[in-house]
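Peer 1: Please find my_file-v2.csv (CSV, C-alpha atoms) on the next line:
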```
chain,number,residue,atom,x,y,z
A,78,MET,CA,43.1,66.0,68.1
A,79,LEU,CA,39.7,65.3,66.5
A,80,LEU,CA,41.4,63.4,63.7
A,81,PHE,CA,43.3,61.3,66.3
A,82,ILE,CA,40.1,60.4,68.1
A,83,LEU,CA,38.3,59.5,64.8
A,84,LEU,CA,41.2,57.2,63.8
A,85,PHE,CA,40.9,55.1,66.9
A,86,LEU,CA,37.1,54.9,67.2
A,87,PRO,CA,35.7,51.6,66.1
A,88,GLY,CA,34.1,51.9,62.6
A,89,PRO,CA,30.4,51.2,61.9
A,90,PHE,CA,31.3,48.1,60.0
A,91,SER,CA,33.1,46.5,62.9
A,92,VAL,CA,30.2,47.1,65.2
A,93,ALA,CA,27.8,45.6,62.7
A,94,ALA,CA,30.0,42.6,62.2
A,95,ALA,CA,30.2,41.9,66.0
A,96,ASP,CA,26.4,42.0,66.2
A,97,ARG,CA,25.7,40.0,63.1
A,98,ALA,CA,24.8,36.3,63.4
A,99,ILE,CA,27.4,33.9,62.0
A,100,THR,CA,26.1,31.8,59.1
A,101,ILE,CA,27.2,28.2,59.1
A,102,VAL,CA,25.9,25.6,56.7
A,103,ALA,CA,25.1,22.0,57.6
A,104,GLU,CA,25.1,19.4,54.9
A,105,ASN,CA,21.6,18.1,54.2
A,106,ASP,CA,22.1,14.3,53.6
A,107,TRP,CA,24.5,12.7,56.1
A,108,PHE,CA,22.4,11.5,59.0
A,109,PRO,CA,23.0,10.9,61.8
A,110,TYR,CA,25.8,13.5,61.7
A,111,ALA,CA,23.9,16.3,59.8
A,112,SER,CA,20.8,16.1,57.7
A,113,ASP,CA,17.6,17.9,56.7
A,114,GLN,CA,14.5,16.8,58.5
A,115,ASP,CA,11.3,18.9,57.7
A,116,GLY,CA,13.5,21.8,56.6
A,117,GLN,CA,15.6,21.9,59.8
A,118,PRO,CA,19.2,20.8,60.3
A,119,VAL,CA,19.5,17.8,62.7
A,120,GLY,CA,22.2,15.4,63.8
A,121,MET,CA,25.1,14.9,66.2
A,122,ALA,CA,27.4,17.5,64.4
A,123,VAL,CA,24.5,20.0,64.3
A,124,ASP,CA,24.0,19.6,68.1
A,125,LEU,CA,27.7,20.0,68.7
A,126,VAL,CA,28.0,23.2,66.6
A,127,ARG,CA,24.9,24.7,68.2
A,128,ALA,CA,26.2,23.9,71.7
A,129,ALA,CA,29.6,25.3,71.0
A,130,PHE,CA,28.5,28.6,69.6
A,131,ALA,CA,25.9,29.0,72.4
A,132,ALA,CA,28.6,28.3,75.1
A,133,ALA,CA,30.8,31.0,73.4
A,134,GLY,CA,28.0,33.5,73.5
A,135,ALA,CA,28.0,33.9,69.7
A,136,GLU,CA,24.8,34.2,67.7
A,137,LEU,CA,24.5,31.4,65.1
A,138,GLU,CA,22.4,31.1,62.0
A,139,LEU,CA,22.3,27.4,60.8
A,140,VAL,CA,21.1,26.7,57.3
A,141,ILE,CA,21.1,23.4,55.3
A,142,GLN,CA,22.4,22.7,51.8
A,143,PRO,CA,23.8,19.8,49.7
A,144,TYR,CA,27.5,19.3,50.7
A,145,ALA,CA,28.9,20.3,47.3
A,146,ARG,CA,27.0,23.6,47.2
A,147,CYS,CA,28.0,24.2,50.8
A,148,LEU,CA,31.7,24.0,49.9
A,149,GLU,CA,31.2,26.1,46.8
A,150,GLY,CA,29.6,28.8,48.9
A,151,LEU,CA,32.7,28.9,51.1
A,152,GLU,CA,35.0,29.5,48.1
A,153,LEU,CA,32.7,32.3,46.9
A,154,GLY,CA,32.4,33.9,50.3
A,155,ARG,CA,28.6,33.3,50.6
A,156,GLN,CA,28.9,32.0,54.2
A,157,ALA,CA,31.5,31.6,56.8
A,158,GLY,CA,31.5,27.9,57.5
A,159,CYS,CA,30.3,24.5,56.3
A,160,PHE,CA,30.4,21.0,57.9
A,161,ASN,CA,31.4,18.2,58.0
A,162,THR,CA,34.9,18.2,56.3
A,163,ILE,CA,38.0,16.1,56.7
A,164,ARG,CA,41.2,18.2,57.1
A,165,GLU,CA,43.2,16.6,54.3
A,166,PRO,CA,45.6,18.3,51.8
A,167,ALA,CA,43.2,19.3,49.1
A,168,ASN,CA,40.8,20.8,51.7
A,169,GLU,CA,43.6,22.5,53.6
A,170,ALA,CA,44.4,24.4,50.3
A,171,ARG,CA,40.8,25.5,49.8
A,172,PHE,CA,39.6,26.3,53.4
A,173,LEU,CA,40.6,27.4,56.9
A,174,PHE,CA,39.9,25.2,59.9
A,175,HIS,CA,39.5,25.5,63.7
A,176,ALA,CA,42.0,24.0,66.0
A,177,ALA,CA,40.2,21.1,67.8
A,178,PRO,CA,38.2,18.7,65.6
A,179,LEU,CA,34.4,18.7,65.9
A,180,PHE,CA,34.4,14.9,66.2
A,181,SER,CA,36.0,11.7,64.8
A,182,ALA,CA,34.3,8.8,63.1
A,183,ARG,CA,35.3,5.4,61.8
A,184,ILE,CA,35.1,4.6,58.1
A,185,LEU,CA,34.3,0.9,57.7
A,186,ILE,CA,35.2,-1.4,54.9
A,187,VAL,CA,32.2,-3.6,53.9
A,188,ALA,CA,31.8,-6.7,51.7
A,189,PRO,CA,29.1,-9.1,50.6
A,190,ALA,CA,28.0,-11.4,53.5
A,191,ASP,CA,29.7,-14.5,52.0
A,192,SER,CA,33.1,-12.7,51.7
A,193,THR,CA,35.9,-14.5,53.5
A,194,ALA,CA,37.9,-11.2,54.1
A,195,SER,CA,38.5,-9.9,57.6
A,196,GLY,CA,40.7,-7.4,59.3
A,197,LEU,CA,41.2,-5.3,56.2
A,198,GLY,CA,42.9,-1.9,56.1
A,199,PRO,CA,43.4,0.7,53.4
A,200,LEU,CA,46.3,-1.0,51.7
A,201,ASP,CA,44.3,-4.2,51.3
A,202,LEU,CA,42.0,-2.4,48.9
A,203,GLU,CA,44.7,-1.8,46.3
A,204,GLY,CA,43.8,-3.5,43.1
A,205,GLN,CA,40.2,-3.9,44.1
A,206,ALA,CA,37.0,-2.2,43.0
A,207,VAL,CA,35.6,-0.2,45.9
A,208,ALA,CA,32.3,1.6,46.1
A,209,VAL,CA,32.5,5.2,47.3
A,210,THR,CA,30.0,8.0,47.6
A,211,ASN,CA,30.2,10.9,45.1
A,212,GLY,CA,31.8,14.0,46.5
A,213,TYR,CA,33.1,12.5,49.7
A,214,THR,CA,36.7,12.5,51.0
A,215,TYR,CA,37.9,9.4,52.8
A,216,ASP,CA,41.3,10.3,54.4
A,217,GLU,CA,44.8,9.2,53.2
A,218,PRO,CA,46.2,7.0,51.9
A,219,PHE,CA,43.0,5.8,50.3
A,220,GLN,CA,41.8,9.2,49.1
A,221,SER,CA,44.6,9.9,46.7
A,222,SER,CA,45.5,6.3,45.8
A,223,THR,CA,45.5,5.5,42.1
A,224,ARG,CA,45.8,1.8,42.9
A,225,VAL,CA,42.1,1.5,44.0
A,226,ASP,CA,39.4,1.2,41.4
A,227,LYS,CA,36.8,3.6,43.0
A,228,ASP,CA,33.3,2.9,41.8
A,229,VAL,CA,31.5,6.2,42.5
A,230,ALA,CA,27.9,5.8,43.8
A,231,SER,CA,25.3,8.5,44.2
A,232,SER,CA,24.8,8.0,47.9
A,233,ASP,CA,25.8,6.0,50.9
A,234,LEU,CA,22.7,3.8,50.5
A,235,ALA,CA,23.8,3.2,46.9
A,236,VAL,CA,27.2,2.0,48.2
A,237,LEU,CA,25.6,-0.6,50.4
A,238,ARG,CA,23.3,-1.7,47.6
A,239,LEU,CA,26.2,-2.2,45.2
A,240,VAL,CA,28.0,-4.4,47.8
A,241,ALA,CA,24.9,-6.3,48.8
A,242,LEU,CA,24.2,-7.1,45.2
A,243,LYS,CA,27.8,-8.2,44.7
A,244,ARG,CA,28.4,-5.6,42.0
A,245,VAL,CA,31.6,-4.7,43.7
A,246,PRO,CA,33.7,-6.7,46.3
A,247,TYR,CA,34.0,-3.8,48.7
A,248,GLY,CA,32.6,-0.5,49.8
A,249,VAL,CA,33.5,2.2,52.3
A,250,ILE,CA,31.1,4.0,54.6
A,251,TYR,CA,31.0,5.8,57.9
A,252,GLU,CA,30.0,3.6,60.8
A,253,GLN,CA,27.0,5.5,62.2
A,254,VAL,CA,25.7,6.3,58.7
A,255,MET,CA,25.7,2.6,58.0
A,256,ALA,CA,24.0,1.8,61.3
A,257,HIS,CA,21.2,4.3,60.4
A,258,LEU,CA,20.8,2.9,56.8
A,259,MET,CA,20.8,-0.7,58.0
A,260,SER,CA,18.0,0.2,60.5
A,261,GLN,CA,16.0,1.9,57.7
A,262,HIS,CA,16.6,-0.6,54.9
A,263,GLY,CA,17.2,-3.9,56.8
A,264,GLY,CA,14.8,-5.8,54.5
A,265,GLU,CA,17.1,-5.5,51.5
A,266,LEU,CA,20.5,-5.2,53.3
A,267,ALA,CA,20.3,-7.4,56.4
A,268,GLY,CA,22.1,-10.7,55.8
A,269,ASN,CA,23.6,-9.5,52.5
A,270,ILE,CA,26.5,-7.3,53.8
A,271,LYS,CA,29.1,-7.3,56.5
A,272,VAL,CA,31.9,-5.3,58.0
A,273,VAL,CA,35.4,-6.7,57.1
A,274,GLY,CA,37.7,-3.9,58.2
A,275,VAL,CA,38.4,-0.3,59.1
A,276,LEU,CA,39.6,2.2,56.5
A,277,SER,CA,40.5,5.0,59.0
A,278,GLN,CA,39.1,7.1,61.8
A,279,PRO,CA,39.5,10.7,60.6
A,280,ASP,CA,38.8,13.9,62.5
A,281,LEU,CA,36.0,16.0,61.0
A,282,TYR,CA,35.8,19.8,61.2
A,283,VAL,CA,33.8,22.8,60.2
A,284,SER,CA,35.6,24.2,57.2
A,285,PHE,CA,35.7,28.0,56.9
A,286,SER,CA,35.8,30.4,53.9
A,287,ARG,CA,39.2,32.1,53.3
A,288,ILE,CA,37.4,35.3,52.2
A,289,HIS,CA,34.3,35.7,54.3
A,290,PRO,CA,34.6,38.6,56.8
A,291,ASP,CA,33.1,36.6,59.6
A,292,THR,CA,35.6,33.7,59.4
A,293,PRO,CA,38.1,35.0,62.1
A,294,ARG,CA,35.4,35.5,64.8
A,295,ALA,CA,33.6,32.3,63.8
A,296,ILE,CA,36.8,30.2,64.2
A,297,ALA,CA,37.5,31.9,67.5
A,298,ALA,CA,34.0,31.3,68.8
A,299,LEU,CA,33.9,27.7,67.8
A,300,ASP,CA,37.3,26.9,69.4
A,301,ARG,CA,36.3,28.7,72.6
A,302,GLY,CA,32.9,27.0,72.6
A,303,LEU,CA,34.2,23.5,71.9
A,304,ALA,CA,36.7,23.8,74.8
A,305,LEU,CA,33.9,24.9,77.1
A,306,ILE,CA,31.4,22.1,76.3
A,307,ARG,CA,34.2,19.5,76.6
A,308,ALA,CA,35.0,20.9,80.0
A,309,ASP,CA,31.5,20.9,81.3
A,310,GLY,CA,30.4,17.5,80.0
A,311,THR,CA,28.0,18.7,77.3
A,312,TYR,CA,30.2,17.4,74.5
A,313,ASP,CA,30.3,13.9,76.0
A,314,GLU,CA,26.5,13.9,76.6
A,315,ILE,CA,25.8,14.8,73.0
A,316,THR,CA,28.1,12.3,71.4
A,317,ARG,CA,27.1,9.5,73.8
A,318,ARG,CA,23.4,10.1,73.1
A,319,TRP,CA,23.9,9.8,69.3
A,320,ALA,CA,26.2,6.8,69.6
A,321,THR,CA,23.7,5.0,71.7
A,322,GLN,CA,21.0,5.5,69.0
A,323,PHE,CA,23.2,4.5,66.1
A,324,ASN,CA,25.4,1.6,67.2
A,325,LEU,CA,26.5,-0.9,64.6
A,326,VAL,CA,26.6,-4.4,66.0
A,327,GLY,CA,29.6,-6.2,64.5
A,328,GLY,CA,31.3,-3.0,63.5
A,329,ASN,CA,34.6,-3.9,65.1
```
Take the structure I supplied and represent it as structure tokens, if you would.
Peer 2:
Amino acid sequence: MLLFILLFLPGPFSVAAADRAITIVAENDWFPYASDQDGQPVGMAVDLVRAAFAAAGAELELVIQPYARCLEGLELGRQAGCFNTIREPANEARFLFHAAPLFSARILIVAPADSTASGLGPLDLEGQAVAVTNGYTYDEPFQSSTRVDKDVASSDLAVLRLVALKRVPYGVIYEQVMAHLMSQHGGELAGNIKVVGVLSQPDLYVSFSRIHPDTPRAIAALDRGLALIRADGTYDEITRRWATQFNLVGGN
């Protein structure tokens, strides 16, 4: 009888796991979605993740890292989750994902201001040189296309600079990121670059480690919390507030 009772009692590790804060990493250089400001993670995605975990009653520890290190940490099991990630085939093979996306965002196609192009889509970039940001994924069919000459830049700002200086005919960049950079670097970019199309509007997620012990409860908490904040209006309030601050005129 004693053996039977011991077998069905929760072990010390399960109790500790339930009480432990879930560690999620926010990327440090993708404002206004997620970024490092004075050592603290800030951005729309940061606010959504915090609100979702709070609504689910799960304790969250948010830290900030460069995106590449963030993803590497997932594969090594150093932390449970990392954001923001597109759920495309290569990432599906590496990570686990929650059910409902965290948010969606448009990826714009930009060109020098004197370009006559307009209404472009991903297939229009085949055979062209296109500036992209190192380490980013851009959704299919563009992501895996071998017919696009991808000119890899060190940052989103570098992408805009390459286009403004006519080093490449096109670049791709997320809409609200471009709005932020144009507001910060208007002196060199304004009047030298314009939006000429939409590459895609992918969903973005928190990606989760396949081997970290907190992954199952982290995914469950995030899905539950996202459903709750969508239902009570918190989700819409957060996304509307950030969209109002970083609205790109002429981004259609």
Peer 1: List as number ranges by chain the protein and nucleic acid residues near region 150-161 of chain A, meaning an atom at most 10 Å away when all atoms listed in the file are counted, but skip any in the same chain fewer than 2 places from it.
Peer 2: A: 99-105, 107, 110-111, 122-123, 126, 139-142, 144-148, 163-164, 171-174, 179-180, 280-296
Peer 1: Looking at A:Ser192, A:Leu200, A:Asp233, A:Ala308, which one is nearest to Gly212 (chain A), with distances taken over all atoms listed in the file?
Peer 2: A:Asp233
Peer 1: Tell me, in Å to one decimal, how far CA of Gln322 (chain A) is from CA of Thr214 (chain A).
Peer 2: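 Straight-line distance from CA of Gln322 (chain A) to CA of Thr214 (chain A) works out to 24.9 Å.
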Peer 1: If you count only C-alpha atoms, which residues fall within 8 Å of Ala190 (chain A), apart from same-chain ones fewer than 2 positions away, as a PyMOL selection string?
Peer 2: chain A and resi 188+192+241+268-271
Peer 1: Box along x, y and z, 5 Å on every side, all listed atoms of region 247-251 of chain A inside: centre and edge lengths in Å to one decimal, as lines of an AutoDock Vina configuration file.
Peer 2:
```
center_x = 32.5
center_y = 1.0
center_z = 53.3
size_x = 13.0
size_y = 19.6
size_z = 19.2
```
Peer 1: Calculate how many Å separate CA of Gly248 (chain A) from CA of Ala177 (chain A), rounding to one decimal.
Peer 2: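 Result for CA of Gly248 (chain A) versus CA of Ala177 (chain A): 29.1 Å, one decimal.
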Peer 1: Calculated over all atoms listed in the file, which of the candidates A:Ala98, A:Gln117, A:Thr311, A:Val273 has the smallest distance to Gly196 (chain A)?
Peer 2: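 When distances to Gly196 (chain A) are compared using all atoms listed in the file, the smallest one comes from A:Val273.
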Peer 1: Between CA of Val245 (chain A) and CA of Gln261 (chain A), what distance in Å does the model show, to one decimal?
Peer 2: 22.0 Å
Peer 1: Fewer than 5 positions away in the same chain doesn't count, so skip those; otherwise give me all residues within 9 Å of Asp228 (chain A), counting only C-alpha atoms, as an MDAnalysis selection string.
Peer 2: chainID A and resid 206:210 236 245 248
Peer 1: Emit the selected residues as an mmCIF file, in the coordinates of the input, including C-alpha atoms.
Peer 2:
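Heads up, here's the output in selection_25.cif:
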```cif
data_model
loop_
_atom_site.group_PDB
_atom_site.id
_atom_site.type_symbol
_atom_site.label_atom_id
_atom_site.label_comp_id
_atom_site.auth_asym_id
_atom_site.auth_seq_id
_atom_site.Cartn_x
_atom_site.Cartn_y
_atom_site.Cartn_z
ATOM 1 C CA ALA A 206 37.000 -2.200 43.000
ATOM 2 C CA VAL A 207 35.600 -0.200 45.900
ATOM 3 C CA ALA A 208 32.300 1.600 46.100
ATOM 4 C CA VAL A 209 32.500 5.200 47.300
ATOM 5 C CA THR A 210 30.000 8.000 47.600
ATOM 6 C CA VAL A 236 27.200 2.000 48.200
ATOM 7 C CA VAL A 245 31.600 -4.700 43.700
ATOM 8 C CA GLY A 248 32.600 -0.500 49.800
#
```
Peer 1: What lies within 10 Å of Ala129 (chain A) using only C-alpha atoms, ignoring chain neighbours under 6 positions off, as an mmCIF file with C-alpha atoms, in the coordinates of the input?
Peer 2:
```cif
data_model
loop_
_atom_site.group_PDB
_atom_site.id
_atom_site.type_symbol
_atom_site.label_atom_id
_atom_site.label_comp_id
_atom_site.auth_asym_id
_atom_site.auth_seq_id
_atom_site.Cartn_x
_atom_site.Cartn_y
_atom_site.Cartn_z
ATOM 1 C CA VAL A 123 24.500 20.000 64.300
ATOM 2 C CA ALA A 135 28.000 33.900 69.700
ATOM 3 C CA LEU A 137 24.500 31.400 65.100
ATOM 4 C CA LEU A 179 34.400 18.700 65.900
ATOM 5 C CA ALA A 298 34.000 31.300 68.800
ATOM 6 C CA LEU A 299 33.900 27.700 67.800
ATOM 7 C CA ASP A 300 37.300 26.900 69.400
ATOM 8 C CA ARG A 301 36.300 28.700 72.600
ATOM 9 C CA GLY A 302 32.900 27.000 72.600
ATOM 10 C CA LEU A 303 34.200 23.500 71.900
ATOM 11 C CA ALA A 304 36.700 23.800 74.800
ATOM 12 C CA LEU A 305 33.900 24.900 77.100
ATOM 13 C CA ILE A 306 31.400 22.100 76.300
ATOM 14 C CA ARG A 307 34.200 19.500 76.600
ATOM 15 C CA THR A 311 28.000 18.700 77.300
ATOM 16 C CA TYR A 312 30.200 17.400 74.500
#
```
Peer 1: In the coordinates of the file, take the point (31.2, -0.9, 53.4) and a cut-off of 6 Å; then, counting all atoms listed in the file, name each qualifying protein, DNA or RNA residue as a list of chain:residue names.
Peer 2: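 Result, sorted by chain then residue number: A:Leu185, A:Ile186, A:Val187, A:Gly248, A:Val249, A:Ile250.
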Peer 1: Would you mind telling me which residue in A:Ile315, A:Leu266, A:Leu197, A:Met121 lies nearest to Leu239 (chain A) when using only C-alpha atoms?
Peer 2: A:Leu266
Peer 1: Grab region 161-176 of chain A from that structure and dump C-alpha atoms to a file, as a PDB file, in the first residue's frame.
Peer 2:
```pdb
ATOM      1  CA  ASN A 161       9.493  36.666 -33.067  1.00  0.00           C
ATOM      2  CA  THR A 162       9.547  33.744 -35.543  1.00  0.00           C
ATOM      3  CA  ILE A 163       7.768  32.930 -38.794  1.00  0.00           C
ATOM      4  CA  ARG A 164       6.304  29.435 -38.814  1.00  0.00           C
ATOM      5  CA  GLU A 165       7.865  28.244 -42.077  1.00  0.00           C
ATOM      6  CA  PRO A 166       9.241  24.772 -42.960  1.00  0.00           C
ATOM      7  CA  ALA A 167      12.831  25.235 -41.739  1.00  0.00           C
ATOM      8  CA  ASN A 168      11.623  26.664 -38.403  1.00  0.00           C
ATOM      9  CA  GLU A 169       8.938  23.974 -38.041  1.00  0.00           C
ATOM     10  CA  ALA A 170      11.706  21.381 -38.145  1.00  0.00           C
ATOM     11  CA  ARG A 171      13.732  23.133 -35.442  1.00  0.00           C
ATOM     12  CA  PHE A 172      11.101  24.358 -32.984  1.00  0.00           C
ATOM     13  CA  LEU A 173       7.626  23.861 -31.543  1.00  0.00           C
ATOM     14  CA  PHE A 174       4.896  26.497 -31.837  1.00  0.00           C
ATOM     15  CA  HIS A 175       1.731  27.599 -30.098  1.00  0.00           C
ATOM     16  CA  ALA A 176      -1.606  27.393 -31.945  1.00  0.00           C
TER      17      ALA A 176
END
```
